[in-house]
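A.B. asks: My file is upload.cif. It has mmCIF, C-alpha atoms:
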data_target
loop_
_atom_site.group_PDB
_atom_site.id
_atom_site.type_symbol
_atom_site.label_atom_id
_atom_site.label_comp_id
_atom_site.auth_asym_id
_atom_site.auth_seq_id
_atom_site.Cartn_x
_atom_site.Cartn_y
_atom_site.Cartn_z
ATOM 1 C CA MET A 1 0.000 0.000 0.000
ATOM 2 C CA THR A 2 1.334 3.444 -0.910
ATOM 3 C CA THR A 3 0.597 6.902 0.436
ATOM 4 C CA ASN A 4 2.015 10.192 -0.749
ATOM 5 C CA THR A 5 5.211 9.532 1.187
ATOM 6 C CA PHE A 6 5.507 5.969 2.486
ATOM 7 C CA THR A 7 5.038 2.345 1.551
ATOM 8 C CA TRP A 8 4.485 -0.518 3.973
ATOM 9 C CA GLU A 9 5.116 -4.236 3.723
ATOM 10 C CA PHE A 10 3.287 -6.793 5.887
ATOM 11 C CA ALA A 11 4.281 -10.286 6.985
ATOM 12 C CA GLY A 12 3.034 -12.597 9.715
ATOM 13 C CA ALA A 13 3.318 -16.049 11.220
ATOM 14 C CA THR A 14 1.522 -18.019 13.921
ATOM 15 C CA ASP A 15 2.508 -21.338 15.478
ATOM 16 C CA THR A 16 0.989 -23.656 18.089
ATOM 17 C CA GLY A 17 4.300 -23.940 19.945
ATOM 18 C CA ARG A 18 5.661 -27.063 21.581
ATOM 19 C CA VAL A 19 3.307 -27.486 24.538
ATOM 20 C CA ARG A 20 -0.250 -26.348 23.766
ATOM 21 C CA PRO A 21 -2.591 -28.789 21.960
ATOM 22 C CA GLY A 22 -4.159 -26.081 19.800
ATOM 23 C CA ASN A 23 -3.589 -22.527 18.616
ATOM 24 C CA GLU A 24 -5.743 -19.836 20.246
ATOM 25 C CA ASP A 25 -3.883 -16.998 18.487
ATOM 26 C CA ALA A 26 -5.200 -15.377 15.316
ATOM 27 C CA ILE A 27 -3.611 -12.890 12.926
ATOM 28 C CA VAL A 28 -4.680 -11.102 9.768
ATOM 29 C CA TRP A 29 -3.633 -8.122 7.699
ATOM 30 C CA ASN A 30 -4.903 -6.218 4.691
ATOM 31 C CA ALA A 31 -2.206 -4.291 2.841
ATOM 32 C CA ASP A 32 -4.745 -2.375 0.751
ATOM 33 C CA SER A 33 -6.378 -0.849 3.819
ATOM 34 C CA GLY A 34 -3.134 -0.674 5.827
ATOM 35 C CA LEU A 35 -4.554 -2.742 8.686
ATOM 36 C CA ALA A 36 -2.896 -5.457 10.805
ATOM 37 C CA LEU A 37 -4.669 -7.379 13.599
ATOM 38 C CA LEU A 38 -3.555 -9.894 16.234
ATOM 39 C CA ALA A 39 -5.545 -11.626 18.970
ATOM 40 C CA ASP A 40 -4.641 -14.164 21.672
ATOM 41 C CA GLY A 41 -7.766 -15.941 22.901
ATOM 42 C CA MET A 42 -8.703 -17.296 26.304
ATOM 43 C CA GLY A 43 -11.622 -19.320 27.571
ATOM 44 C CA GLY A 44 -10.743 -22.969 27.813
ATOM 45 C CA TYR A 45 -11.570 -25.692 25.318
ATOM 46 C CA GLU A 46 -12.374 -24.062 21.938
ATOM 47 C CA GLY A 47 -13.392 -20.793 23.580
ATOM 48 C CA GLY A 48 -10.061 -19.036 23.119
ATOM 49 C CA GLU A 49 -9.786 -20.033 19.487
ATOM 50 C CA ILE A 50 -13.370 -18.953 18.797
ATOM 51 C CA ALA A 51 -12.858 -15.604 20.541
ATOM 52 C CA SER A 52 -9.635 -14.646 18.770
ATOM 53 C CA ASN A 53 -10.795 -15.638 15.299
ATOM 54 C CA LEU A 54 -14.222 -14.049 15.721
ATOM 55 C CA ALA A 55 -12.633 -10.835 17.003
ATOM 56 C CA ILE A 56 -10.298 -10.308 14.073
ATOM 57 C CA LYS A 57 -12.907 -11.416 11.518
ATOM 58 C CA THR A 58 -15.474 -8.961 12.885
ATOM 59 C CA ALA A 59 -12.991 -6.105 13.216
ATOM 60 C CA LEU A 60 -11.689 -6.588 9.680
ATOM 61 C CA GLU A 61 -15.203 -6.666 8.219
ATOM 62 C CA SER A 62 -16.320 -3.659 10.248
ATOM 63 C CA PHE A 63 -13.232 -1.666 9.291
ATOM 64 C CA GLY A 64 -13.938 -2.268 5.622
ATOM 65 C CA LYS A 65 -17.430 -0.749 5.803
ATOM 66 C CA PRO A 66 -18.471 2.914 5.956
ATOM 67 C CA LEU A 67 -18.607 4.232 9.512
ATOM 68 C CA ALA A 68 -22.113 3.920 10.952
ATOM 69 C CA PRO A 69 -23.730 7.341 11.669
ATOM 70 C CA HIS A 70 -24.218 6.652 15.383
ATOM 71 C CA TRP A 71 -20.459 6.612 15.945
ATOM 72 C CA ARG A 72 -20.188 10.241 14.847
ATOM 73 C CA GLU A 73 -23.146 11.359 16.958
ATOM 74 C CA ALA A 74 -21.381 10.845 20.296
ATOM 75 C CA GLU A 75 -19.970 14.022 21.821
ATOM 76 C CA TRP A 76 -16.559 12.444 22.418
ATOM 77 C CA ALA A 77 -16.341 11.462 18.738
ATOM 78 C CA GLN A 78 -15.852 15.114 17.802
ATOM 79 C CA LYS A 79 -12.640 15.201 19.827
ATOM 80 C CA VAL A 80 -10.751 12.392 18.078
ATOM 81 C CA SER A 81 -9.333 11.946 14.595
ATOM 82 C CA ASP A 82 -11.252 9.991 11.965
ATOM 83 C CA PRO A 83 -8.714 7.120 11.958
ATOM 84 C CA ILE A 84 -9.039 6.725 15.737
ATOM 85 C CA LEU A 85 -12.831 6.781 15.515
ATOM 86 C CA LYS A 86 -12.870 4.295 12.622
ATOM 87 C CA LEU A 87 -10.532 1.870 14.403
ATOM 88 C CA TYR A 88 -12.307 2.243 17.746
ATOM 89 C CA ALA A 89 -15.635 1.436 16.071
ATOM 90 C CA ALA A 90 -14.167 -1.739 14.532
ATOM 91 C CA VAL A 91 -12.740 -2.894 17.876
ATOM 92 C CA SER A 92 -16.036 -2.162 19.626
ATOM 93 C CA GLU A 93 -17.952 -4.181 17.034
ATOM 94 C CA ALA A 94 -15.533 -7.061 17.619
ATOM 95 C CA ASN A 95 -16.062 -6.827 21.371
ATOM 96 C CA GLN A 96 -19.824 -6.923 21.012
ATOM 97 C CA SER A 97 -19.653 -9.902 18.647
ATOM 98 C CA VAL A 98 -17.483 -11.992 20.985
ATOM 99 C CA HIS A 99 -19.520 -11.034 24.040
ATOM 100 C CA ALA A 100 -22.839 -11.837 22.349
ATOM 101 C CA THR A 101 -21.548 -15.221 21.182
ATOM 102 C CA ALA A 102 -20.435 -16.110 24.713
ATOM 103 C CA LEU A 103 -23.870 -15.213 26.077
ATOM 104 C CA LYS A 104 -25.695 -17.318 23.479
ATOM 105 C CA GLN A 105 -23.515 -20.424 23.803
ATOM 106 C CA THR A 106 -22.883 -21.520 27.370
ATOM 107 C CA ARG A 107 -19.837 -23.614 26.478
ATOM 108 C CA TYR A 108 -18.101 -20.358 25.540
ATOM 109 C CA GLU A 109 -19.065 -18.505 28.735
ATOM 110 C CA GLY A 110 -16.297 -16.200 29.891
ATOM 111 C CA MET A 111 -14.283 -16.403 26.700
ATOM 112 C CA GLY A 112 -12.332 -13.380 25.572
ATOM 113 C CA THR A 113 -9.168 -12.343 23.819
ATOM 114 C CA THR A 114 -6.343 -9.873 23.796
ATOM 115 C CA PHE A 115 -6.457 -7.599 20.779
ATOM 116 C CA LEU A 116 -4.001 -5.508 18.783
ATOM 117 C CA ALA A 117 -4.691 -3.332 15.766
ATOM 118 C CA ALA A 118 -2.366 -1.150 13.710
ATOM 119 C CA TYR A 119 -3.818 1.058 10.982
ATOM 120 C CA PHE A 120 -1.217 2.634 8.674
ATOM 121 C CA HIS A 121 -2.273 5.731 6.774
ATOM 122 C CA ASP A 122 -0.692 8.946 5.491
ATOM 123 C CA ASN A 123 2.415 9.563 7.635
ATOM 124 C CA ARG A 124 1.326 7.783 10.803
ATOM 125 C CA VAL A 125 -0.084 4.628 12.368
ATOM 126 C CA THR A 126 -3.123 4.448 14.639
ATOM 127 C CA LEU A 127 -2.828 1.748 17.314
ATOM 128 C CA ALA A 128 -5.424 -0.040 19.446
ATOM 129 C CA HIS A 129 -4.540 -2.342 22.326
ATOM 130 C CA ILE A 130 -6.330 -4.581 24.861
ATOM 131 C CA GLY A 131 -4.659 -7.200 27.068
ATOM 132 C CA ASP A 132 -1.056 -8.377 27.209
ATOM 133 C CA SER A 133 -0.189 -8.820 23.551
ATOM 134 C CA ARG A 134 2.295 -6.112 22.594
ATOM 135 C CA ILE A 135 3.262 -3.673 19.863
ATOM 136 C CA TYR A 136 6.924 -2.738 19.467
ATOM 137 C CA LEU A 137 8.659 -0.177 17.270
ATOM 138 C CA TRP A 138 12.136 -0.924 15.894
ATOM 139 C CA ARG A 139 13.754 2.349 14.848
ATOM 140 C CA ASN A 140 17.412 3.223 14.418
ATOM 141 C CA ARG A 141 18.404 -0.226 15.739
ATOM 142 C CA ALA A 142 16.525 0.329 19.012
ATOM 143 C CA LEU A 143 13.392 -1.549 20.093
ATOM 144 C CA LYS A 144 10.687 0.323 22.015
ATOM 145 C CA GLN A 145 7.507 -1.134 23.501
ATOM 146 C CA LEU A 146 4.527 1.038 22.514
ATOM 147 C CA THR A 147 1.857 -0.692 24.623
ATOM 148 C CA VAL A 148 1.406 -1.229 28.360
ATOM 149 C CA ASP A 149 0.206 -4.673 29.440
ATOM 150 C CA HIS A 150 -3.258 -4.896 30.998
ATOM 151 C CA THR A 151 -2.230 -7.421 33.659
ATOM 152 C CA MET A 152 -2.095 -7.791 37.429
ATOM 153 C CA ILE A 153 1.689 -8.006 37.138
ATOM 154 C CA GLN A 154 1.855 -4.608 35.419
ATOM 155 C CA GLU A 155 -0.373 -3.023 38.055
ATOM 156 C CA ARG A 156 1.775 -4.481 40.839
ATOM 157 C CA LEU A 157 4.900 -3.161 39.142
ATOM 158 C CA GLN A 158 3.419 0.311 38.703
ATOM 159 C CA ASN A 159 2.282 0.357 42.353
ATOM 160 C CA GLY A 160 5.733 -0.648 43.541
ATOM 161 C CA GLU A 161 4.471 -3.886 45.101
ATOM 162 C CA ILE A 162 7.046 -6.013 43.267
ATOM 163 C CA THR A 163 10.276 -5.507 41.354
ATOM 164 C CA ALA A 164 10.886 -6.422 37.719
ATOM 165 C CA ALA A 165 12.968 -9.388 38.894
ATOM 166 C CA GLU A 166 10.127 -10.631 41.109
ATOM 167 C CA ALA A 167 7.572 -10.272 38.317
ATOM 168 C CA ALA A 168 8.911 -13.321 36.459
ATOM 169 C CA SER A 169 7.697 -15.677 39.202
ATOM 170 C CA ASP A 170 4.820 -13.689 40.672
ATOM 171 C CA THR A 171 1.662 -15.696 41.390
ATOM 172 C CA TYR A 172 -0.445 -13.209 39.372
ATOM 173 C CA ARG A 173 1.610 -13.797 36.226
ATOM 174 C CA GLY A 174 -0.694 -14.183 33.227
ATOM 175 C CA VAL A 175 -3.779 -12.677 34.922
ATOM 176 C CA LEU A 176 -5.353 -10.062 32.625
ATOM 177 C CA THR A 177 -7.110 -6.962 33.912
ATOM 178 C CA ARG A 178 -8.715 -6.241 30.546
ATOM 179 C CA ALA A 179 -9.777 -8.416 27.606
ATOM 180 C CA LEU A 180 -11.995 -8.060 24.560
ATOM 181 C CA GLY A 181 -15.364 -9.818 24.679
ATOM 182 C CA VAL A 182 -15.673 -10.374 28.427
ATOM 183 C CA ASP A 183 -17.951 -7.378 29.048
ATOM 184 C CA PRO A 184 -20.501 -5.563 26.856
ATOM 185 C CA VAL A 185 -18.177 -2.543 26.577
ATOM 186 C CA VAL A 186 -14.392 -2.653 26.635
ATOM 187 C CA GLU A 187 -11.868 0.106 27.310
ATOM 188 C CA VAL A 188 -9.393 0.412 24.444
ATOM 189 C CA ASP A 189 -5.969 2.028 24.695
ATOM 190 C CA MET A 190 -5.364 4.055 21.526
ATOM 191 C CA ARG A 191 -2.568 6.251 20.250
ATOM 192 C CA GLU A 192 -1.066 7.567 17.020
ATOM 193 C CA VAL A 193 2.609 7.418 16.099
ATOM 194 C CA THR A 194 4.344 9.281 13.276
ATOM 195 C CA ILE A 195 6.140 6.813 11.017
ATOM 196 C CA GLN A 196 9.569 7.062 9.411
ATOM 197 C CA ALA A 197 11.167 5.207 6.531
ATOM 198 C CA GLY A 198 12.962 2.159 7.903
ATOM 199 C CA ASP A 199 10.608 1.685 10.860
ATOM 200 C CA ILE A 200 9.487 -1.831 11.683
ATOM 201 C CA PHE A 201 6.371 -2.325 13.800
ATOM 202 C CA LEU A 202 6.012 -5.678 15.550
ATOM 203 C CA LEU A 203 2.678 -6.987 16.857
ATOM 204 C CA CYS A 204 3.140 -10.144 18.931
ATOM 205 C CA SER A 205 1.471 -12.401 21.466
ATOM 206 C CA ASP A 206 2.969 -13.148 24.872
ATOM 207 C CA GLY A 207 4.012 -16.562 23.591
ATOM 208 C CA CYS A 208 6.447 -14.719 21.343
ATOM 209 C CA TYR A 209 7.937 -12.017 23.567
ATOM 210 C CA ASP A 210 7.952 -14.142 26.741
ATOM 211 C CA MET A 211 10.232 -16.655 25.023
ATOM 212 C CA LEU A 212 12.692 -14.088 23.678
ATOM 213 C CA ALA A 213 15.235 -12.022 25.568
ATOM 214 C CA TYR A 214 15.368 -8.357 24.586
ATOM 215 C CA ASP A 215 18.826 -8.820 23.072
ATOM 216 C CA GLU A 216 17.573 -11.753 21.005
ATOM 217 C CA MET A 217 14.745 -9.671 19.596
ATOM 218 C CA ILE A 218 17.159 -6.852 18.732
ATOM 219 C CA ALA A 219 19.562 -9.243 17.021
ATOM 220 C CA ILE A 220 16.798 -10.789 14.896
ATOM 221 C CA MET A 221 15.380 -7.385 13.960
ATOM 222 C CA ASN A 222 18.842 -6.134 12.956
ATOM 223 C CA ALA A 223 19.578 -9.242 10.900
ATOM 224 C CA CYS A 224 16.249 -9.245 9.033
ATOM 225 C CA GLN A 225 15.403 -5.572 8.712
ATOM 226 C CA GLU A 226 15.070 -5.824 4.910
ATOM 227 C CA ASP A 227 12.988 -9.027 4.887
ATOM 228 C CA PRO A 228 9.768 -8.980 6.968
ATOM 229 C CA GLN A 229 8.844 -12.576 6.109
ATOM 230 C CA GLN A 230 12.213 -13.872 7.225
ATOM 231 C CA LEU A 231 11.912 -11.729 10.344
ATOM 232 C CA VAL A 232 8.639 -13.308 11.518
ATOM 233 C CA ARG A 233 9.900 -16.796 10.687
ATOM 234 C CA LEU A 234 13.004 -16.295 12.820
ATOM 235 C CA LEU A 235 11.045 -14.786 15.718
ATOM 236 C CA VAL A 236 8.703 -17.774 15.803
ATOM 237 C CA ARG A 237 11.508 -20.298 15.354
ATOM 238 C CA GLN A 238 13.616 -18.792 18.143
ATOM 239 C CA ALA A 239 10.617 -18.641 20.501
ATOM 240 C CA ASN A 240 10.062 -22.346 19.835
ATOM 241 C CA GLU A 241 13.718 -23.160 20.357
ATOM 242 C CA ASN A 242 13.592 -21.325 23.684
ATOM 243 C CA GLY A 243 10.731 -23.496 24.914
ATOM 244 C CA GLY A 244 7.594 -22.730 22.907
ATOM 245 C CA TYR A 245 5.448 -22.934 26.057
ATOM 246 C CA ASP A 246 2.567 -21.004 24.482
ATOM 247 C CA ASN A 247 1.147 -20.238 21.057
ATOM 248 C CA ILE A 248 3.471 -17.903 19.155
ATOM 249 C CA SER A 249 2.291 -15.165 16.816
ATOM 250 C CA ALA A 250 3.920 -12.170 15.191
ATOM 251 C CA VAL A 251 2.983 -9.643 12.524
ATOM 252 C CA VAL A 252 5.569 -7.146 11.262
ATOM 253 C CA VAL A 253 5.087 -4.065 9.152
ATOM 254 C CA ARG A 254 8.116 -2.495 7.478
ATOM 255 C CA ILE A 255 7.905 1.145 6.421
ATOM 256 C CA GLY A 256 9.585 1.979 3.119
#
Just dump the structure as structure tokens.

C.D. replies:
Amino acid sequence: MTTNTFTWEFAGATDTGRVRPGNEDAIVWNADSGLALLADGMGGYEGGEIASNLAIKTALESFGKPLAPHWREAEWAQKVSDPILKLYAAVSEANQSVHATALKQTRYEGMGTTFLAAYFHDNRVTLAHIGDSRIYLWRNRALKQLTVDHTMIQERLQNGEITAAEAASDTYRGVLTRALGVDPVVEVDMREVTIQAGDIFLLCSDGCYDMLAYDEMIAIMNACQEDPQQLVRLLVRQANENGGYDNISAVVVRIG
């Protein structure tokens, strides 16, 4: 996809890992619309897989349609940019779809999913984030995390209850404080970032970043900065080699 200034190239990979019986992660991207999505489902047998796939399917379909009039009628809608409003509406539709499905089918009760969205347009990217999947920016050979995890661990860290070293073995590890589809309305963290040529944005599930040391991620990004497909393959392979304890998913977007 090309704008007046930039191009972007998408690539993604998802893998069950070496421990889990199935894959509850889901990824999708549409280069024509500049949209990348990633979800990591939860909810027990089948529920997590249903939630993640339903979320990205609904969000992608909603994003591709004209914005419904009621979204523009809200007072707060006048205070945000059109890309933020358009992406927020798509995420909200996804939340309602997952929540409604869980209510109708008791075997899916309580299911939900993390959710990431990156919408590339003009000279910037609009980001949406729920849960503990993460978005990173690789720029000038440095890797920066752009999202803050919605987890008990993160809250305990921010409150000074534990140290970063203690977080690795804390009993609340893996407990989310926010997920898409659990409640009728979900709070979405959103922001916009100005893009630069050479940037690489990485969307990944916890099964990817938990298995990779920061230095490993940097080394892989540096080695594969010109080849997004090779980059995601190496990220997934290294996460598997380091244990593969969870499903592993990554989507990268390289700015040209």

A.B. asks: Ranking A:Leu176, A:Leu116, A:Cys224, A:Val28 by minimum distance to A:His150 and counting only C-alpha atoms, which one comes first?

C.D. replies: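 For A:His150, the nearest of the candidates is A:Leu176.
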
A.B. asks: Wanna dump the stretch 2-73 of chain A-stretch 241-244 of chain A contacts at 7 Å for me, each residue with its shortest atom pair and the distance in Å to one decimal, counting only C-alpha atoms, ordered by chain and number, as CSV?

C.D. replies:
residue,atom,partner,partner_atom,distance
A:Gly17,CA,A:Gly244,CA,4.6
A:Arg18,CA,A:Gly244,CA,4.9
A:Val19,CA,A:Gly244,CA,6.6

A.B. asks: Residues of the last selection are to be written out with C-alpha atoms, as a CSV table (one decimal), in the frame of the given file.

C.D. replies:
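Saved result, out.csv, follows:
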chain,number,residue,atom,x,y,z
A,17,GLY,CA,4.3,-23.9,19.9
A,18,ARG,CA,5.7,-27.1,21.6
A,19,VAL,CA,3.3,-27.5,24.5

A.B. asks: Could you list, as a PyMOL selection string, every residue within 6 Å of stretch 83-93 of chain A, counting all atoms listed in the file and ignoring same-chain residues fewer than 4 positions away?

C.D. replies: chain A and resi 59+62-63

A.B. asks: If you count all atoms listed in the file, which residues fall within 10 Å of stretch 132-135 of chain A, apart from same-chain ones fewer than 3 positions away, as a PyMOL selection string?

C.D. replies: chain A and resi 38-40+113-118+127-129+144-151+154+174-179+201-209+249-252

A.B. asks: Using all atoms listed in the file, which of the listed residues (A:Leu37, A:Met217, A:Val80, A:Met111) sits closest to A:Glu49?

C.D. replies: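 Of A:Leu37, A:Met217, A:Val80, A:Met111, the one nearest A:Glu49 is A:Met111, counting all atoms listed in the file.
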
A.B. asks: On this structure, which residues satisfy the PyMOL selection byres ((chain A and resi 216) around 12), written as an MDAnalysis selection string?

C.D. replies: chainID A and resid 143 208:215 217:223 234:239 242

A.B. asks: Name the residues that the PyMOL selection byres ((chain A and resi 193) around 6) pulls out of this structure, and write them as a list of chain:residue names.

C.D. replies: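 Listing what the PyMOL selection byres ((chain A and resi 193) around 6) selects in the shown file: A:Arg124, A:Val125, A:Glu192, A:Thr194.
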
A.B. asks: List, as a list of chain:residue names, every residue that the PyMOL selection byres ((chain A and resi 12) around 9) selects in the file provided.

C.D. replies: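 Checking the PyMOL selection byres ((chain A and resi 12) around 9) against this file, the residues are A:Phe10, A:Ala11, A:Ala13, A:Thr14, A:Ile27, A:Val28, A:Trp29, A:Pro228, A:Gln229, A:Leu231, A:Val232, A:Arg233, A:Ser249, A:Ala250, A:Val251, A:Val252, A:Val253.
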
A.B. asks: Could you check which of A:Ala100, A:Val188, A:Ala55, A:Ala77 is closest to A:Ile130, using all atoms listed in the file?

C.D. replies: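 Among A:Ala100, A:Val188, A:Ala55, A:Ala77, it is A:Val188 that comes nearest to A:Ile130.
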
A.B. asks: Given all atoms listed in the file as the basis, pick out the residue of A:Tyr245, A:Tyr108, A:Tyr136, A:Trp8 nearest to A:Asn123.

C.D. replies: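 The closest residue to A:Asn123 is A:Trp8.
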
A.B. asks: Can you list, as a list in words, every protein, DNA or RNA residue that comes within 8 Å of A:Thr16 when you count only C-alpha atoms, leaving out same-chain residues fewer than 3 positions away?

C.D. replies: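 Once the adjacent positions are removed, what remains is Val19, Arg20, Pro21, Gly22, Asn23, Asp246, Asn247 and Ile248 of chain A.
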
A.B. asks: If I take atom CA of A:Asp25 and atom CA of A:Ala94, how far is one from the other in Å, to one decimal?

C.D. replies: 15.3 Å

A.B. asks: How far is it from atom CA of A:Ala142 to atom CA of A:Gln196, in Å with one decimal?

C.D. replies: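 Value for the atom CA of A:Ala142-atom CA of A:Gln196 distance: 13.6 Å.
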
A.B. asks: Which residue gives the smallest distance to A:Gly34 among A:Gly198, A:Gly64, A:Pro184, A:Gly110, with only C-alpha atoms counted?

C.D. replies: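 Residue with the minimum atom-to-atom distance to A:Gly34: A:Gly64.
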
A.B. asks: For a test of reading the model, state the distance in Å between atom CA of A:Glu109 and atom CA of A:Gly43, rounded to one decimal.

C.D. replies: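 One can read the atom CA of A:Glu109 to atom CA of A:Gly43 distance as 7.6 Å.
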
A.B. asks: Give me, as a PyMOL selection string, all polymer residues having an atom no more than 9 Å from A:Arg173, counting only C-alpha atoms and skipping those fewer than 4 positions away in the same chain.

C.D. replies: chain A and resi 151-153+167-169
